[in-house]
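S.K.: Below you'll find protein12.tsv; it's TSV, C-alpha atoms and all ligand atoms.
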```
chain	number	residue	atom	x	y	z
K	1	MET	CA	-25.99	2.73	21.07
K	2	GLN	CA	-28.14	0.50	18.85
K	3	HIS	CA	-27.65	2.97	16.01
K	4	ILE	CA	-23.88	2.54	16.24
K	5	ILE	CA	-24.13	-1.25	16.44
K	6	ASP	CA	-26.43	-1.36	13.39
K	7	ARG	CA	-24.14	0.89	11.38
K	8	PHE	CA	-21.03	-1.09	12.31
K	9	ILE	CA	-22.70	-4.40	11.48
K	10	SER	CA	-23.91	-3.05	8.13
K	11	TYR	CA	-20.22	-2.48	7.25
K	12	VAL	CA	-18.60	-5.63	8.61
K	13	THR	CA	-21.09	-7.95	6.94
K	14	ILE	CA	-19.83	-6.77	3.55
K	15	ASP	CA	-16.65	-8.64	2.60
K	16	THR	CA	-13.88	-6.21	1.61
K	17	GLU	CA	-10.76	-8.31	1.93
K	18	SER	CA	-7.84	-6.83	0.00
K	19	ASP	CA	-5.32	-8.85	-2.01
K	20	PRO	CA	-1.57	-8.14	-2.09
K	21	ASN	CA	-1.15	-10.15	-5.31
K	22	SER	CA	-3.50	-7.93	-7.28
K	23	THR	CA	-2.14	-4.98	-9.25
K	24	THR	CA	-5.44	-3.10	-9.55
K	25	THR	CA	-6.89	-0.45	-7.23
K	26	PRO	CA	-8.94	-1.41	-5.37
K	27	SER	CA	-7.11	-4.71	-5.23
K	28	THR	CA	-10.41	-6.62	-5.07
K	29	PRO	CA	-13.60	-5.62	-6.92
K	30	LYS	CA	-15.71	-6.50	-3.87
K	31	GLN	CA	-14.39	-3.43	-2.05
K	32	TRP	CA	-16.68	-1.45	-4.37
K	33	ASN	CA	-19.69	-3.04	-2.65
K	34	LEU	CA	-19.05	-1.22	0.60
K	35	ALA	CA	-17.60	1.86	-1.10
K	36	THR	CA	-20.75	2.55	-3.12
K	37	GLN	CA	-22.92	1.95	-0.05
K	38	LEU	CA	-20.82	4.46	1.92
K	39	VAL	CA	-21.17	7.10	-0.78
K	40	GLU	CA	-24.97	6.84	-0.57
K	41	GLU	CA	-24.89	6.94	3.20
K	42	LEU	CA	-22.67	10.04	3.32
K	43	LYS	CA	-25.11	11.83	0.99
K	44	THR	CA	-28.07	10.66	3.08
K	45	ILE	CA	-26.68	12.00	6.36
K	46	GLY	CA	-26.16	15.37	4.68
K	47	LEU	CA	-22.47	15.66	3.85
K	48	GLN	CA	-21.48	17.72	0.82
K	49	ASP	CA	-19.07	17.25	-2.11
K	50	VAL	CA	-19.32	13.49	-1.73
K	51	THR	CA	-16.95	12.03	-4.32
K	52	ILE	CA	-15.61	8.63	-5.25
K	53	ASP	CA	-12.88	8.29	-7.84
K	54	ASP	CA	-12.09	5.46	-10.24
K	55	LYS	CA	-9.94	3.80	-7.59
K	56	ALA	CA	-12.70	3.89	-4.93
K	57	TYR	CA	-11.22	6.68	-2.83
K	58	ILE	CA	-14.10	8.43	-1.09
K	59	MET	CA	-14.06	12.03	0.10
K	60	ALA	CA	-16.73	14.28	1.58
K	61	THR	CA	-17.10	17.63	3.28
K	62	LEU	CA	-18.84	18.95	6.34
K	63	PRO	CA	-18.82	22.72	5.76
K	64	SER	CA	-17.72	25.12	8.49
K	65	ASN	CA	-20.45	26.69	10.61
K	66	VAL	CA	-18.39	29.59	11.96
K	67	ASP	CA	-17.87	32.96	10.28
K	68	PHE	CA	-14.16	33.20	10.97
K	69	LYS	CA	-11.26	31.35	9.44
K	70	VAL	CA	-10.23	28.09	11.05
K	71	PRO	CA	-8.00	25.29	9.75
K	72	THR	CA	-9.57	22.52	7.66
K	73	ILE	CA	-9.10	19.19	9.38
K	74	GLY	CA	-9.61	15.67	8.09
K	75	PHE	CA	-10.50	12.22	9.40
K	76	ILE	CA	-9.45	9.13	7.47
K	77	SER	CA	-10.05	5.40	7.71
K	78	HIS	CA	-9.91	2.37	5.43
K	79	PHE	CA	-12.68	0.03	4.37
K	80	ASP	CA	-10.65	-3.00	3.29
K	81	THR	CA	-9.88	-5.83	5.69
K	82	SER	CA	-6.72	-7.85	6.11
K	83	PRO	CA	-5.96	-10.76	3.76
K	84	ASP	CA	-4.40	-12.52	6.79
K	85	PHE	CA	-7.78	-14.03	7.67
K	86	THR	CA	-11.06	-14.44	5.85
K	87	GLY	CA	-13.55	-11.58	5.91
K	88	ALA	CA	-16.32	-13.43	4.06
K	89	ASN	CA	-19.62	-14.11	5.83
K	90	VAL	CA	-18.78	-12.20	9.00
K	91	ASN	CA	-21.42	-13.08	11.56
K	92	PRO	CA	-21.00	-10.59	14.42
K	93	GLN	CA	-22.02	-11.53	17.96
K	94	VAL	CA	-23.21	-8.77	20.26
K	95	ILE	CA	-22.50	-9.43	23.93
K	96	PRO	CA	-24.20	-6.90	26.20
K	97	ASN	CA	-22.93	-6.33	29.74
K	98	TYR	CA	-19.80	-8.45	29.38
K	99	ASP	CA	-19.22	-10.34	32.65
K	100	GLY	CA	-15.44	-10.68	32.44
K	101	GLY	CA	-15.50	-14.39	31.69
K	102	ASP	CA	-14.83	-16.63	28.69
K	103	ILE	CA	-16.77	-15.87	25.52
K	104	VAL	CA	-17.56	-18.96	23.46
K	105	LEU	CA	-17.25	-17.77	19.88
K	106	ASN	CA	-17.92	-21.16	18.36
K	107	SER	CA	-19.00	-24.14	20.42
K	108	ASP	CA	-18.68	-26.62	17.52
K	109	LYS	CA	-15.05	-25.76	16.98
K	110	ASN	CA	-14.37	-24.95	20.63
K	111	ILE	CA	-13.14	-21.42	19.86
K	112	VAL	CA	-13.14	-19.31	23.01
K	113	LEU	CA	-12.23	-15.66	23.51
K	114	SER	CA	-10.83	-15.75	27.01
K	115	PRO	CA	-9.41	-13.06	29.30
K	116	LYS	CA	-6.87	-15.69	30.36
K	117	TYR	CA	-5.09	-15.06	27.04
K	118	PHE	CA	-6.49	-11.68	26.13
K	119	LYS	CA	-6.17	-9.71	29.36
K	120	ASP	CA	-7.35	-6.49	27.70
K	121	LEU	CA	-10.87	-7.93	27.85
K	122	LEU	CA	-11.00	-7.28	31.59
K	123	GLN	CA	-11.01	-3.52	31.01
K	124	TYR	CA	-14.40	-3.90	29.36
K	125	ARG	CA	-16.41	-5.61	32.07
K	126	GLY	CA	-19.99	-4.34	31.96
K	127	GLN	CA	-19.63	-3.06	28.40
K	128	THR	CA	-21.15	-4.26	25.13
K	129	LEU	CA	-18.69	-6.25	23.02
K	130	ILE	CA	-18.97	-7.16	19.38
K	131	THR	CA	-17.07	-10.34	18.48
K	132	THR	CA	-16.85	-12.79	15.59
K	133	ASP	CA	-18.41	-16.24	15.47
K	134	GLY	CA	-14.91	-17.72	15.46
K	135	THR	CA	-14.73	-18.41	11.73
K	136	THR	CA	-13.74	-15.00	10.30
K	137	LEU	CA	-12.08	-11.77	11.33
K	138	LEU	CA	-14.41	-9.02	12.50
K	139	GLY	CA	-13.21	-6.05	10.46
K	140	ALA	CA	-13.26	-3.55	13.34
K	141	ASP	CA	-9.95	-2.71	11.67
K	142	ASP	CA	-11.01	-0.40	10.27
K	143	LYS	CA	-14.78	-0.40	9.96
K	144	ALA	CA	-14.89	0.80	13.56
K	145	GLY	CA	-13.02	3.87	12.28
K	146	ILE	CA	-15.54	4.38	9.48
K	147	THR	CA	-18.45	3.98	11.91
K	148	GLU	CA	-16.89	6.60	14.17
K	149	ILE	CA	-16.27	9.16	11.44
K	150	VAL	CA	-19.71	8.77	9.83
K	151	THR	CA	-21.50	8.90	13.19
K	152	ALA	CA	-19.50	11.91	14.37
K	153	MET	CA	-20.32	13.80	11.15
K	154	GLU	CA	-23.98	12.86	11.52
K	155	TYR	CA	-23.91	14.11	15.12
K	156	LEU	CA	-22.35	17.43	14.11
K	157	ILE	CA	-24.97	17.86	11.36
K	158	GLN	CA	-27.74	17.20	13.88
K	159	HIS	CA	-26.17	19.55	16.45
K	160	PRO	CA	-25.45	22.82	14.67
K	161	GLU	CA	-24.93	24.49	18.05
K	162	ILE	CA	-21.53	22.76	18.13
K	163	LYS	CA	-19.19	25.09	16.27
K	164	HIS	CA	-16.56	23.65	13.95
K	165	GLY	CA	-14.52	24.54	10.89
K	166	LYS	CA	-14.53	22.74	7.56
K	167	ILE	CA	-14.07	19.02	7.99
K	168	ARG	CA	-12.98	16.64	5.25
K	169	ILE	CA	-13.37	12.92	5.52
K	170	GLY	CA	-11.60	10.28	3.47
K	171	PHE	CA	-12.13	6.53	3.16
K	172	THR	CA	-9.55	4.43	1.34
K	173	PRO	CA	-9.23	0.92	-0.08
K	174	ASP	CA	-6.19	-1.35	0.31
K	175	GLU	CA	-4.63	-0.04	3.51
K	176	GLU	CA	-3.99	-3.57	4.72
K	177	ILE	CA	-1.73	-4.28	1.77
K	178	GLY	CA	0.19	-1.05	2.35
K	179	ARG	CA	-1.36	0.89	-0.54
K	180	GLY	CA	-4.06	2.94	1.16
K	181	ALA	CA	-2.14	6.18	0.82
K	182	HIS	CA	-0.71	5.49	-2.64
K	183	HIS	CA	-3.51	7.07	-4.65
K	184	PHE	CA	-4.77	9.41	-1.94
K	185	ASP	CA	-5.00	12.86	-3.53
K	186	VAL	CA	-3.77	15.13	-0.76
K	187	ASP	CA	-4.44	18.27	-2.83
K	188	GLN	CA	-8.02	17.28	-3.54
K	189	PHE	CA	-8.51	16.46	0.13
K	190	GLY	CA	-7.35	19.98	0.95
K	191	ALA	CA	-7.01	19.66	4.71
K	192	ASP	CA	-4.35	21.37	6.82
K	193	TRP	CA	-3.93	18.16	8.77
K	194	ALA	CA	-5.83	14.95	9.42
K	195	TYR	CA	-6.15	11.98	11.75
K	196	THR	CA	-6.41	8.34	10.80
K	197	MET	CA	-8.95	6.61	13.06
K	198	ASP	CA	-7.17	3.29	12.93
K	199	GLY	CA	-5.62	2.44	16.29
K	200	SER	CA	-6.59	-0.11	18.86
K	201	GLN	CA	-7.57	0.53	22.47
K	202	VAL	CA	-9.20	3.62	23.90
K	203	GLY	CA	-6.76	6.49	24.37
K	204	GLU	CA	-4.17	5.49	21.79
K	205	LEU	CA	-2.63	8.48	20.09
K	206	GLU	CA	0.33	7.89	17.85
K	207	TYR	CA	2.59	10.17	15.88
K	208	GLU	CA	5.81	8.17	15.79
K	209	ASN	CA	6.33	5.10	13.66
K	210	PHE	CA	9.26	3.13	12.33
K	211	ASN	CA	11.59	4.12	9.55
K	212	ALA	CA	11.40	1.09	7.35
K	213	ALA	CA	13.44	-0.60	4.64
K	214	GLY	CA	13.46	-4.00	3.02
K	215	ALA	CA	16.61	-5.82	1.95
K	216	LYS	CA	17.15	-8.74	-0.39
K	217	ILE	CA	20.57	-10.35	-0.43
K	218	THR	CA	21.38	-12.85	-3.14
K	219	PHE	CA	24.29	-15.22	-2.58
K	220	LYS	CA	25.83	-17.18	-5.40
K	221	GLY	CA	27.62	-20.51	-5.21
K	222	LYS	CA	29.35	-23.17	-7.26
K	223	SER	CA	28.05	-26.68	-7.41
K	224	VAL	CA	30.60	-29.45	-7.77
K	225	HIS	CA	30.30	-33.19	-7.12
K	226	PRO	CA	30.72	-33.49	-3.35
K	227	GLY	CA	33.37	-36.18	-3.80
K	228	TYR	CA	35.58	-33.81	-5.77
K	229	ALA	CA	34.57	-30.57	-4.11
K	230	LYS	CA	37.59	-29.76	-1.99
K	231	GLY	CA	38.65	-26.17	-2.69
K	232	LYS	CA	36.12	-25.89	-5.51
K	233	MET	CA	32.56	-25.99	-4.22
K	234	ILE	CA	30.98	-22.84	-2.87
K	235	ASN	CA	27.74	-23.56	-1.02
K	236	SER	CA	25.64	-20.40	-1.16
K	237	MET	CA	23.42	-21.62	1.68
K	238	LEU	CA	26.37	-21.65	4.05
K	239	ILE	CA	27.30	-18.13	3.01
K	240	ALA	CA	23.72	-16.98	3.59
K	241	ASN	CA	23.99	-18.57	7.00
K	242	GLU	CA	27.21	-16.67	7.64
K	243	PHE	CA	25.45	-13.47	6.71
K	244	ILE	CA	22.55	-14.09	9.11
K	245	ASN	CA	24.99	-14.93	11.90
K	246	ALA	CA	26.80	-11.65	11.34
K	247	LEU	CA	23.66	-9.67	12.18
K	248	PRO	CA	23.71	-8.26	15.72
K	249	LYS	CA	22.36	-10.65	18.34
K	250	GLY	CA	19.19	-9.76	20.21
K	251	GLU	CA	17.97	-7.27	17.62
K	252	THR	CA	14.98	-9.19	16.32
K	253	PRO	CA	11.25	-8.44	16.64
K	254	GLU	CA	10.87	-11.10	19.33
K	255	GLU	CA	13.60	-9.55	21.47
K	256	THR	CA	12.79	-5.85	21.18
K	257	ARG	CA	10.08	-3.40	22.16
K	258	GLY	CA	9.33	0.32	22.53
K	259	TYR	CA	11.90	2.36	20.63
K	260	GLU	CA	14.24	-0.59	20.01
K	261	GLY	CA	14.84	-1.26	16.33
K	262	PHE	CA	15.50	-4.60	14.69
K	263	PHE	CA	16.49	-6.72	11.72
K	264	HIS	CA	13.88	-9.28	10.82
K	265	VAL	CA	14.80	-12.12	8.46
K	266	HIS	CA	11.46	-13.14	7.02
K	267	HIS	CA	12.42	-15.22	4.03
K	268	LEU	CA	15.19	-17.65	3.26
K	269	SER	CA	15.48	-19.90	0.25
K	270	GLY	CA	18.43	-21.66	-1.20
K	271	SER	CA	20.31	-24.23	-3.19
K	272	ILE	CA	24.04	-24.67	-3.56
K	273	GLU	CA	24.09	-22.37	-6.60
K	274	GLU	CA	21.98	-19.57	-5.20
K	275	SER	CA	20.44	-18.51	-1.92
K	276	VAL	CA	18.27	-15.51	-1.11
K	277	VAL	CA	17.81	-13.88	2.28
K	278	GLU	CA	15.10	-11.28	2.67
K	279	LEU	CA	14.80	-9.12	5.74
K	280	ILE	CA	13.22	-5.93	6.95
K	281	ILE	CA	14.98	-3.17	8.84
K	282	ARG	CA	13.10	-1.07	11.36
K	283	ASP	CA	14.12	1.80	13.64
K	284	HIS	CA	12.35	4.90	14.95
K	285	ASN	CA	15.63	6.81	15.00
K	286	LYS	CA	16.72	8.02	11.57
K	287	THR	CA	20.45	7.88	12.34
K	288	LYS	CA	20.22	4.36	13.73
K	289	PHE	CA	18.08	3.38	10.73
K	290	GLU	CA	20.78	4.58	8.34
K	291	LYS	CA	23.42	2.72	10.40
K	292	ARG	CA	21.40	-0.48	10.16
K	293	LYS	CA	21.25	-0.20	6.39
K	294	ALA	CA	24.99	0.53	6.29
K	295	LEU	CA	25.64	-2.59	8.36
K	296	ILE	CA	23.92	-4.74	5.74
K	297	GLU	CA	26.22	-3.24	3.10
K	298	LYS	CA	29.23	-3.77	5.35
K	299	ILE	CA	28.54	-7.44	6.03
K	300	THR	CA	27.89	-8.01	2.32
K	301	LYS	CA	31.16	-6.31	1.44
K	302	LYS	CA	33.07	-8.41	3.93
K	303	ILE	CA	31.68	-11.62	2.46
K	304	ASN	CA	32.49	-10.42	-1.05
K	305	LYS	CA	36.05	-9.68	0.00
K	306	LYS	CA	36.44	-13.10	1.59
K	307	PHE	CA	35.34	-14.92	-1.56
K	308	ALA	CA	36.80	-12.49	-4.11
K	309	LYS	CA	39.68	-14.75	-5.18
K	310	GLN	CA	37.78	-18.00	-5.21
K	311	PHE	CA	34.64	-16.70	-6.93
K	312	GLY	CA	36.14	-14.04	-9.18
K	313	GLU	CA	33.27	-11.59	-8.85
K	314	ASN	CA	30.91	-10.38	-6.12
K	315	ILE	CA	29.40	-13.42	-4.52
K	316	ALA	CA	26.75	-11.46	-2.61
K	317	ILE	CA	24.50	-8.70	-3.88
K	318	ALA	CA	22.43	-6.59	-1.50
K	319	GLU	CA	19.41	-4.60	-2.67
K	320	ILE	CA	18.02	-2.28	-0.03
K	321	ASN	CA	14.84	-0.28	-0.55
K	322	ASP	CA	13.31	2.27	1.79
K	323	GLN	CA	9.65	1.56	2.49
K	324	TYR	CA	8.39	4.37	4.73
K	325	TYR	CA	9.64	6.87	7.28
K	326	ASN	CA	8.83	8.01	10.80
K	327	MET	CA	6.02	10.59	10.58
K	328	LYS	CA	7.43	12.29	13.69
K	329	GLU	CA	9.65	14.43	11.47
K	330	LYS	CA	6.58	15.82	9.71
K	331	VAL	CA	4.33	16.02	12.76
K	332	LEU	CA	6.69	17.59	15.32
K	333	PRO	CA	6.84	20.94	13.45
K	334	VAL	CA	3.03	21.06	13.82
K	335	LYS	CA	2.89	19.43	17.24
K	336	HIS	CA	-0.29	21.34	18.12
K	337	ILE	CA	-2.23	18.84	16.02
K	338	VAL	CA	-1.24	16.13	18.51
K	339	ASP	CA	-1.89	18.45	21.45
K	340	ILE	CA	-5.44	19.13	20.23
K	341	ALA	CA	-6.17	15.40	20.04
K	342	GLU	CA	-4.65	14.89	23.48
K	343	GLN	CA	-6.73	17.70	24.94
K	344	ALA	CA	-9.87	16.38	23.24
K	345	MET	CA	-9.34	12.97	24.84
K	346	LYS	CA	-8.85	14.51	28.28
K	347	GLU	CA	-11.98	16.63	27.89
K	348	VAL	CA	-14.09	13.57	27.15
K	349	GLY	CA	-12.60	11.68	30.09
K	350	ILE	CA	-10.03	9.49	28.33
K	351	LYS	CA	-6.45	9.04	29.45
K	352	PRO	CA	-4.28	9.52	26.35
K	353	LEU	CA	-1.85	6.67	25.67
K	354	ILE	CA	0.88	8.19	23.55
K	355	LYS	CA	3.31	5.59	22.31
K	356	PRO	CA	5.45	4.82	19.28
K	357	ILE	CA	3.94	2.55	16.64
K	358	ARG	CA	6.09	-0.50	15.90
K	359	GLY	CA	5.01	-0.46	12.29
K	360	GLY	CA	3.78	2.03	9.76
K	361	THR	CA	0.42	3.65	9.12
K	362	ASP	CA	-1.20	5.25	6.15
K	363	GLY	CA	-0.78	8.42	8.17
K	364	SER	CA	3.00	8.16	7.91
K	365	GLN	CA	2.81	8.02	4.11
K	366	LEU	CA	0.26	10.84	4.04
K	367	SER	CA	2.48	12.92	6.33
K	368	TYR	CA	5.28	12.64	3.78
K	369	LYS	CA	2.83	13.57	1.01
K	370	GLY	CA	2.20	16.84	2.83
K	371	LEU	CA	-0.76	15.94	5.05
K	372	PRO	CA	0.46	15.58	8.65
K	373	CYS	CA	-1.60	12.72	10.01
K	374	PRO	CA	-1.34	11.22	13.53
K	375	ASN	CA	-3.30	8.11	14.40
K	376	ILE	CA	-6.11	7.83	16.94
K	377	PHE	CA	-7.64	4.71	18.49
K	378	ALA	CA	-10.60	3.10	16.77
K	379	GLY	CA	-11.31	0.76	19.70
K	380	GLY	CA	-10.83	-2.78	18.40
K	381	HIS	CA	-8.49	-5.52	19.65
K	382	ASN	CA	-6.79	-8.64	18.23
K	383	PHE	CA	-6.90	-7.39	14.64
K	384	HIS	CA	-6.55	-9.66	11.60
K	385	GLY	CA	-7.94	-12.81	13.18
K	386	LYS	CA	-10.89	-14.65	14.65
K	387	TYR	CA	-10.38	-13.21	18.15
K	388	GLU	CA	-10.95	-9.66	16.94
K	389	TYR	CA	-13.50	-7.73	19.01
K	390	VAL	CA	-14.56	-4.17	19.73
K	391	PRO	CA	-16.39	-2.67	22.71
K	392	VAL	CA	-19.23	-0.42	21.52
K	393	GLU	CA	-18.36	2.02	24.32
K	394	SER	CA	-14.91	2.47	22.72
K	395	ILE	CA	-16.55	3.37	19.40
K	396	GLN	CA	-18.69	5.87	21.28
K	397	LYS	CA	-15.61	7.38	22.93
K	398	ALA	CA	-13.88	7.74	19.56
K	399	ILE	CA	-16.96	9.55	18.22
K	400	GLU	CA	-16.77	11.95	21.16
K	401	VAL	CA	-13.08	12.54	20.48
K	402	ILE	CA	-13.76	13.40	16.82
K	403	VAL	CA	-16.50	15.84	17.79
K	404	LYS	CA	-14.29	17.42	20.47
K	405	ILE	CA	-11.33	17.82	18.10
K	406	ALA	CA	-13.67	19.57	15.64
K	407	GLU	CA	-14.82	21.87	18.42
K	408	LEU	CA	-11.33	22.64	19.75
K	409	THR	CA	-10.06	23.48	16.27
K	410	ALA	CA	-12.75	26.15	15.89
K	411	ILE	CA	-12.11	28.13	19.06
K	412	ARG	CA	-11.64	31.80	18.13
K	413	LYS	CA	-8.15	32.84	19.16
Q	1	ZN	ZN	-6.35	-0.60	10.02
```
What would you get if you wrote out this structure as structure tokens?
M.R.:
Amino acid sequence: MQHIIDRFISYVTIDTESDPNSTTTPSTPKQWNLATQLVEELKTIGLQDVTIDDKAYIMATLPSNVDFKVPTIGFISHFDTSPDFTGANVNPQVIPNYDGGDIVLNSDKNIVLSPKYFKDLLQYRGQTLITTDGTTLLGADDKAGITEIVTAMEYLIQHPEIKHGKIRIGFTPDEEIGRGAHHFDVDQFGADWAYTMDGSQVGELEYENFNAAGAKITFKGKSVHPGYAKGKMINSMLIANEFINALPKGETPEETRGYEGFFHVHHLSGSIEESVVELIIRDHNKTKFEKRKALIEKITKKINKKFAKQFGENIAIAEINDQYYNMKEKVLPVKHIVDIAEQAMKEVGIKPLIKPIRGGTDGSQLSYKGLPCPNIFAGGHNFHGKYEYVPVESIQKAIEVIVKIAELTAIRK
């Protein structure tokens, strides 16, 4: 267990925060610091074809040790951390034999990780937790995933009696800013399918995510002195308001769950002359997703019609862009790749928790690039903030799952 803790800590103490405002890849030069360390480590543990490209994408191979043909599988995680909270000077706290009570992360600032708010903690009584010191995020997302993949490969190298096919591993920068899959060379990776190790609690197995689009609606207006405005002024803010009110009630992130889709207005700015509403559209169901986009067009059209005479041209302009799609469409035709992961979990004593992701993953983008890629738990909780923690036992379980998947893929049929 100490080996896993040491490895994990060696990753999280290197700051790899990504930056959405950067146009380079990796988005921050500091991501190279961990990337180059990982390359050396992969070579040291005995992996082959260890490569890193000019954008810091790392790939490596564990060759097959069976003399018959089996599919090549891959495991993928990301080494950047979220820009939502600082990842500089992470000072991990190791809490052995967690007693189920409050964990004081920082007594000076009175920052407490408590099961009163974070009930998931109670599942981990008696286990070893790694937490922050209350001033940074931890980076278990997704350095737990990297720890698991590296340790599983090391274990397979040290245990040649475990039979497996060719395994490819891939570590990416910039997942947290939605670009982890952008420069991922699926052909070079050369796997039949892969798994991202990037979920939360033990047992999570995900192969459905949202279909996603973003919309920006610009409303124009006409500014006139308020004292002389009758029949002349058009206040674009009021039209934007009309638009928002025309969206279906109850279909917001805070009022939906499971497979329920939503519209989420996340930006609003305005003056009399011009107002802009930005929203995201999410739905697991492709037909409903298309209907949601059509509704935006319909409301916009209606507003344009209403103001056609007074304004003379279109008063509202909607730009809608698709962002990503539900990987289910690409994974269902090869459902056995989910079944293998499910079986692997059961065989190592984990109850699989299969549920739809209310978001996207790099795996969904990779699935559409031709690499079907469900997501498996990495073990951490409360990502992207100071309450982030990971039980070491969960990392161990994920390692066992990786090893078992490798084994199950290489059973002679
Ligand atoms: Zn992640």
S.K.: Tell me, as a PyMOL selection string, which residues lie within 12 Å of Glu176 in chain K, counting only C-alpha atoms; anything in the same chain fewer than 3 positions away does not count.
M.R.: chain K and resi 16-20+26-27+77-85+139+141-142+172-173+179-181+198+360-362+383-384
S.K.: Excluding Lys163 in chain K and its own-chain neighbours fewer than 4 positions away, which residues fall within 8 Å of it when counting all atoms listed in the file? Please give them as a list in words.
M.R.: Ser64, Asn65, Val66, Ala406, Glu407 and Ala410 of chain K
S.K.: With range 123-132 of chain K as the partner and 7 Å as the cut-off, tabulate the residues of range 335-399 of chain K that qualify, each row holding the nearest pair of atoms and their distance in Å to one decimal, using all atoms listed in the file, sorted by chain and rising number, as JSON lines.
M.R.:
```
{"residue": "K:Lys386", "atom": "CA", "partner": "K:Thr132", "partner_atom": "CA", "distance": 6.3}
{"residue": "K:Tyr387", "atom": "CA", "partner": "K:Thr132", "partner_atom": "CA", "distance": 7.0}
{"residue": "K:Glu388", "atom": "CA", "partner": "K:Thr131", "partner_atom": "CA", "distance": 6.3}
{"residue": "K:Tyr389", "atom": "CA", "partner": "K:Thr131", "partner_atom": "CA", "distance": 4.5}
{"residue": "K:Val390", "atom": "CA", "partner": "K:Ile130", "partner_atom": "CA", "distance": 5.3}
{"residue": "K:Pro391", "atom": "CA", "partner": "K:Leu129", "partner_atom": "CA", "distance": 4.3}
{"residue": "K:Val392", "atom": "CA", "partner": "K:Thr128", "partner_atom": "CA", "distance": 5.6}
{"residue": "K:Glu393", "atom": "CA", "partner": "K:Gln127", "partner_atom": "CA", "distance": 6.6}
```
S.K.: Report as JSON lines the residues of range 179-213 of chain K within 12 Å of range 286-300 of chain K, each with its shortest atom pair and distance in Å (one decimal), using only C-alpha atoms, ordered by chain and increasing residue number.
M.R.:
```
{"residue": "K:Glu208", "atom": "CA", "partner": "K:Lys286", "partner_atom": "CA", "distance": 11.7}
{"residue": "K:Asn209", "atom": "CA", "partner": "K:Lys286", "partner_atom": "CA", "distance": 11.0}
{"residue": "K:Phe210", "atom": "CA", "partner": "K:Lys286", "partner_atom": "CA", "distance": 9.0}
{"residue": "K:Asn211", "atom": "CA", "partner": "K:Phe289", "partner_atom": "CA", "distance": 6.6}
{"residue": "K:Ala212", "atom": "CA", "partner": "K:Phe289", "partner_atom": "CA", "distance": 7.8}
{"residue": "K:Ala213", "atom": "CA", "partner": "K:Lys293", "partner_atom": "CA", "distance": 8.0}
```
S.K.: Rank nothing, just name the residue among K:Tyr98, K:Phe171, K:Trp193, K:Tyr155 nearest to Val39 in chain K, using only C-alpha atoms.
M.R.: K:Phe171
S.K.: For range 255-266 of chain K, please output as number ranges by chain all residues within 6 Å (counting all atoms listed in the file; exclusion window: fewer than 2 positions along the same chain).
M.R.: K: 250-253, 278-283
S.K.: Since we have the selection now, will you write its residues out, keeping C-alpha atoms, as a PDB file, in the frame of the given file?
M.R.:
```
ATOM      1  CA  GLY K 250      19.190  -9.760  20.210  1.00  0.00           C
ATOM      2  CA  GLU K 251      17.970  -7.270  17.620  1.00  0.00           C
ATOM      3  CA  THR K 252      14.980  -9.190  16.320  1.00  0.00           C
ATOM      4  CA  PRO K 253      11.250  -8.440  16.640  1.00  0.00           C
ATOM      5  CA  GLU K 278      15.100 -11.280   2.670  1.00  0.00           C
ATOM      6  CA  LEU K 279      14.800  -9.120   5.740  1.00  0.00           C
ATOM      7  CA  ILE K 280      13.220  -5.930   6.950  1.00  0.00           C
ATOM      8  CA  ILE K 281      14.980  -3.170   8.840  1.00  0.00           C
ATOM      9  CA  ARG K 282      13.100  -1.070  11.360  1.00  0.00           C
ATOM     10  CA  ASP K 283      14.120   1.800  13.640  1.00  0.00           C
TER      11      ASP K 283
END
```
S.K.: In Å, how far is it from CA of Gly170 in chain K to CA of Ile76 in chain K?
M.R.: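 About the pair CA of Gly170 in chain K and CA of Ile76 in chain K: they are 4.7 Å apart.
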S.K.: Could you work out how far CA of Tyr324 in chain K lies from CA of Ala56 in chain K, giving the answer in Å with one decimal?
M.R.: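 For CA of Ala56 in chain K relative to CA of Tyr324 in chain K, the distance reads 23.2 Å.
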S.K.: Take CA of Lys302 in chain K and CA of Gly270 in chain K and report the distance between them in Å, one decimal.
M.R.: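 We find that CA of Lys302 in chain K and CA of Gly270 in chain K lie 20.4 Å from each other.
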S.K.: What lies within 8 Å of range 219-230 of chain K using only C-alpha atoms, ignoring chain neighbours under 4 positions off, as a list in words?
M.R.: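 My list of contacting residues is Ile234, Asn235, Ser236, Met237, Ile239, Ala240, Ile272, Glu273, Glu274, Ser275, Val276, Ile315, Ala316 and Ile317 of chain K.
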S.K.: Neighbours of range 31-38 of chain K within 12 Å (all atoms listed in the file; same-chain residues fewer than 6 positions away dropped), as a PyMOL selection string?
M.R.: chain K and resi 7-19+24-25+44-45+47+50-60+78-81+87-88+143+146-147+149-150+169-175
S.K.: Of the candidates K:Lys351, K:His381, K:Lys119, K:Lys69, which one gets nearest to ligand ZN 1 (chain Q) if we count all atoms listed in the file?
M.R.: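 With all atoms listed in the file as the atom set, the closest residue is K:His381.
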